[in-house]
>>> print(open('target.cif').read())   # mmCIF, C-alpha atoms
data_start
#
loop_
_atom_site.label_atom_id
_atom_site.label_comp_id
_atom_site.auth_asym_id
_atom_site.auth_seq_id
_atom_site.Cartn_x
_atom_site.Cartn_y
_atom_site.Cartn_z
CA MET A 28 135.83 112.92 -17.23
CA GLY A 29 132.93 114.30 -15.23
CA TYR A 30 132.84 115.07 -11.57
CA SER A 31 135.05 113.87 -8.77
CA GLY A 32 133.26 111.65 -6.22
CA ARG A 33 132.76 114.56 -3.90
CA SER A 34 131.27 117.03 -6.32
CA ALA A 35 129.16 114.30 -7.94
CA ARG A 36 127.62 113.72 -4.51
CA LYS A 37 127.08 117.45 -4.20
CA VAL A 38 125.23 117.47 -7.52
CA VAL A 39 123.00 114.59 -6.39
CA GLU A 40 122.25 116.45 -3.15
CA LEU A 41 121.29 119.59 -5.03
CA GLN A 42 119.04 117.62 -7.39
CA LEU A 43 117.36 115.96 -4.43
CA MET A 44 116.76 119.33 -2.81
CA ALA A 45 115.24 120.69 -6.00
CA VAL A 46 112.94 117.67 -6.29
CA THR A 47 111.93 118.04 -2.64
CA GLU A 48 110.96 121.65 -3.35
CA VAL A 49 108.92 120.57 -6.38
CA PHE A 50 106.94 117.97 -4.45
CA ARG A 51 106.50 120.27 -1.46
CA ALA A 52 105.12 122.99 -3.71
CA LEU A 53 102.74 120.55 -5.41
CA GLY A 54 101.53 119.22 -2.07
CA ASP A 55 98.47 121.45 -1.76
CA PRO A 56 95.13 121.10 -3.59
CA CYS A 57 94.93 124.77 -4.45
CA ARG A 58 98.47 125.01 -5.82
CA LEU A 59 97.97 121.75 -7.69
CA GLU A 60 94.83 123.16 -9.30
CA MET A 61 96.83 126.18 -10.44
CA ILE A 62 99.43 123.89 -12.02
CA GLN A 63 96.67 121.93 -13.74
CA ARG A 64 95.30 125.13 -15.24
CA LEU A 65 98.76 126.12 -16.47
CA ALA A 66 99.34 122.70 -17.98
CA SER A 67 97.60 123.82 -21.18
CA GLY A 68 100.70 125.91 -21.82
CA ASP A 69 98.88 129.25 -21.95
CA PRO A 70 99.94 132.10 -19.66
CA TYR A 71 97.42 133.21 -17.03
CA THR A 72 96.87 136.43 -15.13
CA ILE A 73 96.68 136.16 -11.35
CA ASN A 74 92.93 136.78 -11.50
CA ALA A 75 92.36 134.08 -14.09
CA ILE A 76 94.44 131.49 -12.34
CA SER A 77 92.74 131.95 -8.98
CA LYS A 78 89.20 132.18 -10.39
CA GLY A 79 86.77 130.00 -8.44
CA LEU A 80 89.41 128.94 -5.91
CA GLU A 81 87.95 131.07 -3.12
CA ILE A 82 91.18 132.73 -2.17
CA THR A 83 92.11 136.40 -1.87
CA ARG A 84 94.47 138.04 -4.34
CA GLN A 85 97.04 138.12 -1.57
CA GLY A 86 96.47 134.42 -0.91
CA ALA A 87 96.89 133.73 -4.61
CA ARG A 88 100.18 135.67 -4.69
CA LYS A 89 101.46 133.74 -1.70
CA ARG A 90 100.68 130.41 -3.32
CA LEU A 91 102.16 131.47 -6.64
CA GLN A 92 105.33 132.57 -4.89
CA ILE A 93 105.74 129.08 -3.42
CA LEU A 94 105.35 127.58 -6.91
CA ALA A 95 107.84 130.12 -8.29
CA ASP A 96 110.37 129.37 -5.53
CA ALA A 97 110.27 125.73 -6.59
CA ASP A 98 110.83 126.85 -10.21
CA LEU A 99 107.50 125.32 -11.21
CA ILE A 100 106.29 128.60 -12.65
CA THR A 101 107.65 131.94 -13.76
CA LEU A 102 106.05 135.23 -12.76
CA GLU A 103 106.48 138.16 -15.10
CA SER A 104 105.21 141.67 -14.42
CA LYS A 105 103.23 143.10 -17.30
CA GLY A 106 102.19 146.62 -16.48
CA ARG A 107 99.85 146.38 -13.52
CA ASP A 108 99.30 142.68 -13.98
CA THR A 109 101.47 139.60 -13.61
CA SER A 110 101.75 136.85 -16.18
CA VAL A 111 102.02 133.31 -14.82
CA ARG A 112 103.60 130.56 -16.89
CA LEU A 113 104.37 126.91 -16.26
CA ASN A 114 108.02 125.90 -16.24
CA ARG A 115 108.03 122.34 -17.53
CA ASP A 116 111.65 121.64 -16.55
CA ALA A 117 110.86 121.40 -12.84
CA LEU A 118 107.95 119.07 -13.51
CA GLU A 119 110.26 116.94 -15.65
CA GLN A 120 112.63 116.61 -12.69
CA GLY A 121 109.80 115.33 -10.54
CA LYS A 122 108.74 112.96 -13.26
CA ALA A 123 112.29 111.63 -13.69
CA PHE A 124 112.52 111.01 -9.96
CA ILE A 125 109.32 108.93 -9.94
CA ALA A 126 110.41 107.07 -13.08
CA GLU A 127 113.69 106.10 -11.43
CA LEU A 128 111.86 104.86 -8.35
CA GLU A 129 109.59 102.82 -10.55
CA GLN A 130 112.59 101.26 -12.21
CA ARG A 131 114.07 100.15 -8.90
CA TRP A 132 110.79 98.80 -7.66
CA ASP A 133 111.30 95.14 -6.96
CA ASN A 134 108.06 93.42 -7.91
CA ARG A 135 109.59 89.97 -8.29
CA LEU A 136 107.67 88.72 -5.27
CA GLU A 137 104.45 89.64 -7.02
CA ALA A 138 105.66 87.83 -10.17
CA LEU A 139 106.51 84.78 -8.09
CA ARG A 140 103.09 84.77 -6.45
CA GLN A 141 101.52 84.69 -9.89
CA PHE A 142 103.89 82.04 -11.25
CA VAL A 143 103.09 79.82 -8.28
CA ASP A 144 99.44 80.51 -7.48
CA GLY A 145 98.02 81.46 -10.82
CA ASP A 146 96.12 84.45 -9.52
CA MET B 8 94.05 73.39 -23.30
CA GLN B 9 96.20 76.37 -24.22
CA ASP B 10 99.85 75.48 -24.58
CA VAL B 11 101.87 78.59 -25.40
CA ILE B 12 102.53 82.00 -23.84
CA THR B 13 104.46 84.59 -25.84
CA ARG B 14 105.63 88.07 -24.95
CA SER B 15 107.55 90.39 -27.21
CA ILE B 16 109.37 93.61 -26.35
CA THR B 17 111.62 95.96 -28.29
CA VAL B 18 114.41 97.73 -26.45
CA LYS B 19 117.09 100.28 -27.23
CA ALA B 20 120.02 97.93 -26.70
CA SER B 21 122.31 95.78 -28.80
CA LYS B 22 121.67 92.05 -29.04
CA GLU B 23 124.96 91.48 -27.20
CA ARG B 24 123.65 93.54 -24.29
CA VAL B 25 120.34 91.67 -24.33
CA PHE B 26 122.05 88.29 -24.47
CA LYS B 27 124.18 89.25 -21.47
CA ALA B 28 121.10 90.26 -19.46
CA LEU B 29 119.61 86.84 -20.15
CA THR B 30 122.61 84.56 -19.72
CA ASP B 31 125.14 86.24 -17.43
CA PRO B 32 124.50 84.98 -13.86
CA LYS B 33 125.33 88.44 -12.52
CA GLU B 34 122.82 90.05 -14.88
CA ILE B 35 119.89 87.66 -14.76
CA VAL B 36 119.60 88.12 -10.98
CA VAL B 37 118.95 91.82 -11.50
CA TRP B 38 115.61 91.17 -13.17
CA PHE B 39 114.60 87.53 -12.73
CA PRO B 40 115.63 85.06 -9.98
CA GLU B 41 117.33 86.57 -6.94
CA SER B 42 120.13 84.06 -7.20
CA VAL B 43 121.35 81.21 -9.40
CA GLU B 44 122.71 78.31 -7.37
CA GLY B 45 124.41 75.00 -7.96
CA GLY B 46 125.23 75.39 -11.62
CA THR B 47 126.05 77.79 -14.41
CA LEU B 48 123.94 79.08 -17.28
CA GLU B 49 125.57 76.77 -19.82
CA VAL B 50 124.00 74.08 -22.00
CA GLY B 51 123.19 70.93 -20.05
CA GLN B 52 123.61 72.59 -16.65
CA GLU B 53 120.79 72.37 -14.10
CA PRO B 54 121.13 75.32 -11.74
CA ILE B 55 118.44 76.36 -9.28
CA PHE B 56 116.69 79.70 -9.67
CA SER B 57 116.01 81.00 -6.19
CA PHE B 58 113.26 83.49 -5.39
CA ASN B 59 112.08 85.48 -2.39
CA GLY B 60 115.16 84.96 -0.21
CA GLY B 61 115.15 81.25 -1.00
CA THR B 62 111.57 80.37 0.01
CA HIS B 63 110.95 79.31 -3.59
CA LYS B 64 113.37 77.39 -5.74
CA ARG B 65 113.06 76.12 -9.28
CA ARG B 66 115.55 73.84 -10.92
CA VAL B 67 116.03 74.67 -14.59
CA HIS B 68 117.63 72.66 -17.36
CA ILE B 69 119.60 74.88 -19.72
CA GLU B 70 118.56 73.78 -23.17
CA ALA B 71 120.40 76.18 -25.49
CA VAL B 72 122.74 79.16 -25.26
CA ASN B 73 123.46 80.55 -28.73
CA PRO B 74 125.19 83.94 -28.69
CA TYR B 75 123.63 86.38 -29.39
CA ASP B 76 120.24 85.30 -30.57
CA TYR B 77 118.79 82.45 -28.53
CA PHE B 78 118.58 81.24 -24.93
CA ALA B 79 116.30 78.45 -23.74
CA TYR B 80 115.68 76.45 -20.60
CA ARG B 81 113.15 73.97 -19.24
CA TRP B 82 111.50 74.10 -15.84
CA ILE B 83 108.52 72.66 -14.03
CA PRO B 84 105.58 74.97 -13.49
CA ASN B 85 104.04 73.76 -10.31
CA ALA B 86 101.04 74.95 -8.40
CA SER B 87 102.07 72.20 -6.02
CA GLY B 88 105.42 70.56 -5.33
CA GLU B 89 108.94 71.73 -4.75
CA GLY B 90 110.15 72.60 -8.22
CA VAL B 91 113.64 71.25 -7.69
CA GLY B 92 113.06 67.70 -8.96
CA ASP B 93 114.35 66.04 -12.09
CA VAL B 94 113.37 68.61 -14.71
CA LEU B 95 113.64 66.34 -17.73
CA GLY B 96 112.12 63.36 -15.91
CA ILE B 97 108.66 64.85 -15.53
CA PRO B 98 106.39 67.03 -17.67
CA ASN B 99 107.96 70.47 -18.04
CA THR B 100 107.72 73.63 -20.07
CA LEU B 101 110.27 75.11 -22.45
CA VAL B 102 111.09 78.81 -22.04
CA GLU B 103 112.74 80.37 -25.09
CA PHE B 104 114.15 83.83 -25.62
CA SER B 105 114.75 84.80 -29.24
CA ILE B 106 116.73 87.95 -29.90
CA GLU B 107 116.66 89.96 -33.11
CA GLU B 108 118.47 93.24 -33.66
CA ILE B 109 117.12 95.57 -36.33
CA GLY B 110 118.70 98.99 -36.74
CA GLY B 111 119.39 100.37 -33.27
CA SER B 112 116.69 98.31 -31.58
CA THR B 113 116.45 94.74 -30.44
CA THR B 114 113.31 92.65 -30.24
CA ILE B 115 113.15 89.94 -27.60
CA THR B 116 110.46 87.30 -27.90
CA MET B 117 109.78 85.11 -24.89
CA LYS B 118 107.87 81.94 -25.59
CA GLU B 119 106.90 79.36 -22.99
CA SER B 120 105.34 76.17 -24.31
CA GLY B 121 104.31 72.77 -22.99
CA PHE B 122 101.46 73.65 -20.64
CA ALA B 123 99.19 71.14 -22.35
CA SER B 124 101.59 68.35 -21.39
CA LEU B 125 101.38 69.13 -17.68
CA PRO B 126 99.25 67.09 -15.27
CA ILE B 127 95.65 68.20 -15.75
CA GLU B 128 95.34 69.56 -12.20
CA ASP B 129 98.33 71.86 -12.77
CA ALA B 130 97.97 72.85 -16.41
CA GLU B 131 95.36 75.58 -16.26
CA THR B 132 96.51 77.18 -13.00
CA SER B 133 100.08 77.22 -14.26
CA PHE B 134 99.10 78.65 -17.61
CA LYS B 135 97.15 81.49 -15.99
CA GLY B 136 99.81 82.13 -13.38
CA HIS B 137 102.64 82.24 -15.88
CA ILE B 138 100.80 84.81 -17.99
CA GLY B 139 100.78 87.19 -15.02
CA GLY B 140 104.27 86.22 -13.90
CA TRP B 141 105.80 86.89 -17.33
CA ASP B 142 103.97 90.20 -17.60
CA ILE B 143 105.93 91.43 -14.60
CA GLN B 144 109.23 89.74 -15.42
CA VAL B 145 109.34 90.81 -19.05
CA ASP B 146 108.48 94.34 -17.96
CA ARG B 147 111.42 94.26 -15.54
CA LEU B 148 113.72 93.08 -18.33
CA GLU B 149 112.46 95.85 -20.60
CA LYS B 150 113.09 98.54 -17.96
CA LEU B 151 116.57 97.20 -17.24
CA LEU B 152 117.56 97.18 -20.90
CA ASN B 153 116.12 100.60 -21.63
CA SER B 154 117.89 102.14 -18.62
CA ASN B 155 121.48 101.57 -19.77
#
>>> encode(input="target.cif", output="structure tokens")
Amino acid sequence: MGYSGRSARKVVELQLMAVTEVFRALGDPCRLEMIQRLASGDPYTINAISKGLEITRQGARKRLQILADADLITLESKGRDTSVRLNRDALEQGKAFIAELEQRWDNRLEALRQFVDGD
Amino acid sequence: MQDVITRSITVKASKERVFKALTDPKEIVVWFPESVEGGTLEVGQEPIFSFNGGTHKRRVHIEAVNPYDYFAYRWIPNASGEGVGDVLGIPNTLVEFSIEEIGGSTTITMKESGFASLPIEDAETSFKGHIGGWDIQVDRLEKLLNSN
């Protein structure tokens, strides 16, 4: 059943790399703002998604490409314009990673402090 | 003086799984004390629950172990003191875990009672402290049981 030890490790490594890409791509206020706009689920044009962000069209493209490389969004050419959509799967991977961390978090010392001190 | 703290959670696990998490020495150390020393988790036993690498120890008196629906022990909430004295010889609290499986889910109710019987200087501090302590511990139990 499943993977051998070696390929299972390989899978974990690949997942970790993907998650690293997701967090790296999110690690910029401008790109994060774009993701927030896309979170409604509606597709945006490049103009609409960069509105008010004080970046050039070229700057917007560059940022969107980073998000696309991390699989956070998909870019689809529509005539002369490009349609930008959120890809929820990549965000889910990031979320799952944080959730797992949270699960391992050992807060027993904090519980003990409360049991003992009452504050 | 308030006497009872209760916490209730519902998890996606069988009552057998829940009972094991509460009463198997290898399982309880995953979510509650870091180690169980000097005794087993069987009725009448008085093992020591050790916390924080052993800086804090609490002797418990195992009151009841009824597969797969009830586990209870007594211990001594103490704002002061060592916590490893004669559990039944001095005022203590009773910690009970009741387990009820309905459909595919299991409800665990933790109830700690006896705070009103504690020395007056300890009662209120212990009551407040145990509310916060159980919040964290029961949450840890919930996460453990929902993760496998």
>>> atom_distance(input="target.cif", atom1="atom CA of B:Pro54", atom2="atom CA of B:Ile69")
8.1 Å
>>> resolve_selection(input="target.cif", expression="the PyMOL selection byres ((chain A) within 12 of (chain B))", output="list in words")
Ala126, Glu127, Leu128, Glu129, Gln130, Arg131, Trp132, Asp133, Asn134, Arg135, Leu136, Glu137, Ala138, Leu139, Arg140, Gln141, Phe142, Val143, Asp144, Gly145 and Asp146 of chain A
>>> residues_near_point(input="target.cif", point="(121.0, 84.0, -24.1)", cutoff="12 Å", atoms="all atoms listed in the file", output="ChimeraX atom specification")
/B:22-32,34-35,48-50,69-80,102-107,115-117
>>> write_last_selection(input="target.cif", atoms="C-alpha atoms", output="mmCIF file, in the coordinates of the input")
data_model
loop_
_atom_site.group_PDB
_atom_site.id
_atom_site.type_symbol
_atom_site.label_atom_id
_atom_site.label_comp_id
_atom_site.auth_asym_id
_atom_site.auth_seq_id
_atom_site.Cartn_x
_atom_site.Cartn_y
_atom_site.Cartn_z
ATOM 1 C CA LYS B 22 121.670 92.050 -29.040
ATOM 2 C CA GLU B 23 124.960 91.480 -27.200
ATOM 3 C CA ARG B 24 123.650 93.540 -24.290
ATOM 4 C CA VAL B 25 120.340 91.670 -24.330
ATOM 5 C CA PHE B 26 122.050 88.290 -24.470
ATOM 6 C CA LYS B 27 124.180 89.250 -21.470
ATOM 7 C CA ALA B 28 121.100 90.260 -19.460
ATOM 8 C CA LEU B 29 119.610 86.840 -20.150
ATOM 9 C CA THR B 30 122.610 84.560 -19.720
ATOM 10 C CA ASP B 31 125.140 86.240 -17.430
ATOM 11 C CA PRO B 32 124.500 84.980 -13.860
ATOM 12 C CA GLU B 34 122.820 90.050 -14.880
ATOM 13 C CA ILE B 35 119.890 87.660 -14.760
ATOM 14 C CA LEU B 48 123.940 79.080 -17.280
ATOM 15 C CA GLU B 49 125.570 76.770 -19.820
ATOM 16 C CA VAL B 50 124.000 74.080 -22.000
ATOM 17 C CA ILE B 69 119.600 74.880 -19.720
ATOM 18 C CA GLU B 70 118.560 73.780 -23.170
ATOM 19 C CA ALA B 71 120.400 76.180 -25.490
ATOM 20 C CA VAL B 72 122.740 79.160 -25.260
ATOM 21 C CA ASN B 73 123.460 80.550 -28.730
ATOM 22 C CA PRO B 74 125.190 83.940 -28.690
ATOM 23 C CA TYR B 75 123.630 86.380 -29.390
ATOM 24 C CA ASP B 76 120.240 85.300 -30.570
ATOM 25 C CA TYR B 77 118.790 82.450 -28.530
ATOM 26 C CA PHE B 78 118.580 81.240 -24.930
ATOM 27 C CA ALA B 79 116.300 78.450 -23.740
ATOM 28 C CA TYR B 80 115.680 76.450 -20.600
ATOM 29 C CA VAL B 102 111.090 78.810 -22.040
ATOM 30 C CA GLU B 103 112.740 80.370 -25.090
ATOM 31 C CA PHE B 104 114.150 83.830 -25.620
ATOM 32 C CA SER B 105 114.750 84.800 -29.240
ATOM 33 C CA ILE B 106 116.730 87.950 -29.900
ATOM 34 C CA GLU B 107 116.660 89.960 -33.110
ATOM 35 C CA ILE B 115 113.150 89.940 -27.600
ATOM 36 C CA THR B 116 110.460 87.300 -27.900
ATOM 37 C CA MET B 117 109.780 85.110 -24.890
#
>>> atom_distance(input="target.cif", atom1="atom CA of A:Thr47", atom2="atom CA of A:Ser77")
24.5 Å
>>> resolve_selection(input="target.cif", expression="the PyMOL selection byres ((chain A and resi 93-106) around 8)", output="list in words")
Ala45, Glu48, Val49, Ala52, Leu53, Arg58, Lys89, Arg90, Leu91, Gln92, Arg107, Asp108, Thr109, Ser110, Val111, Arg112, Leu113, Asn114, Arg115, Asp116, Ala117 and Leu118 of chain A
>>> resolve_selection(input="target.cif", expression="the PyMOL selection byres ((chain A and resi 65) around 10)", output="ChimeraX atom specification")
/A:59-64,66-71,76,100,111-114
>>> closest_residue(input="target.cif", among="B:Ser42, B:Ser120, B:Asn153, B:Thr62", to="B:Met8", atoms="only C-alpha atoms")
B:Ser120
>>> atom_distance(input="target.cif", atom1="atom CA of B:Ile12", atom2="atom CA of B:Ala130")
12.6 Å
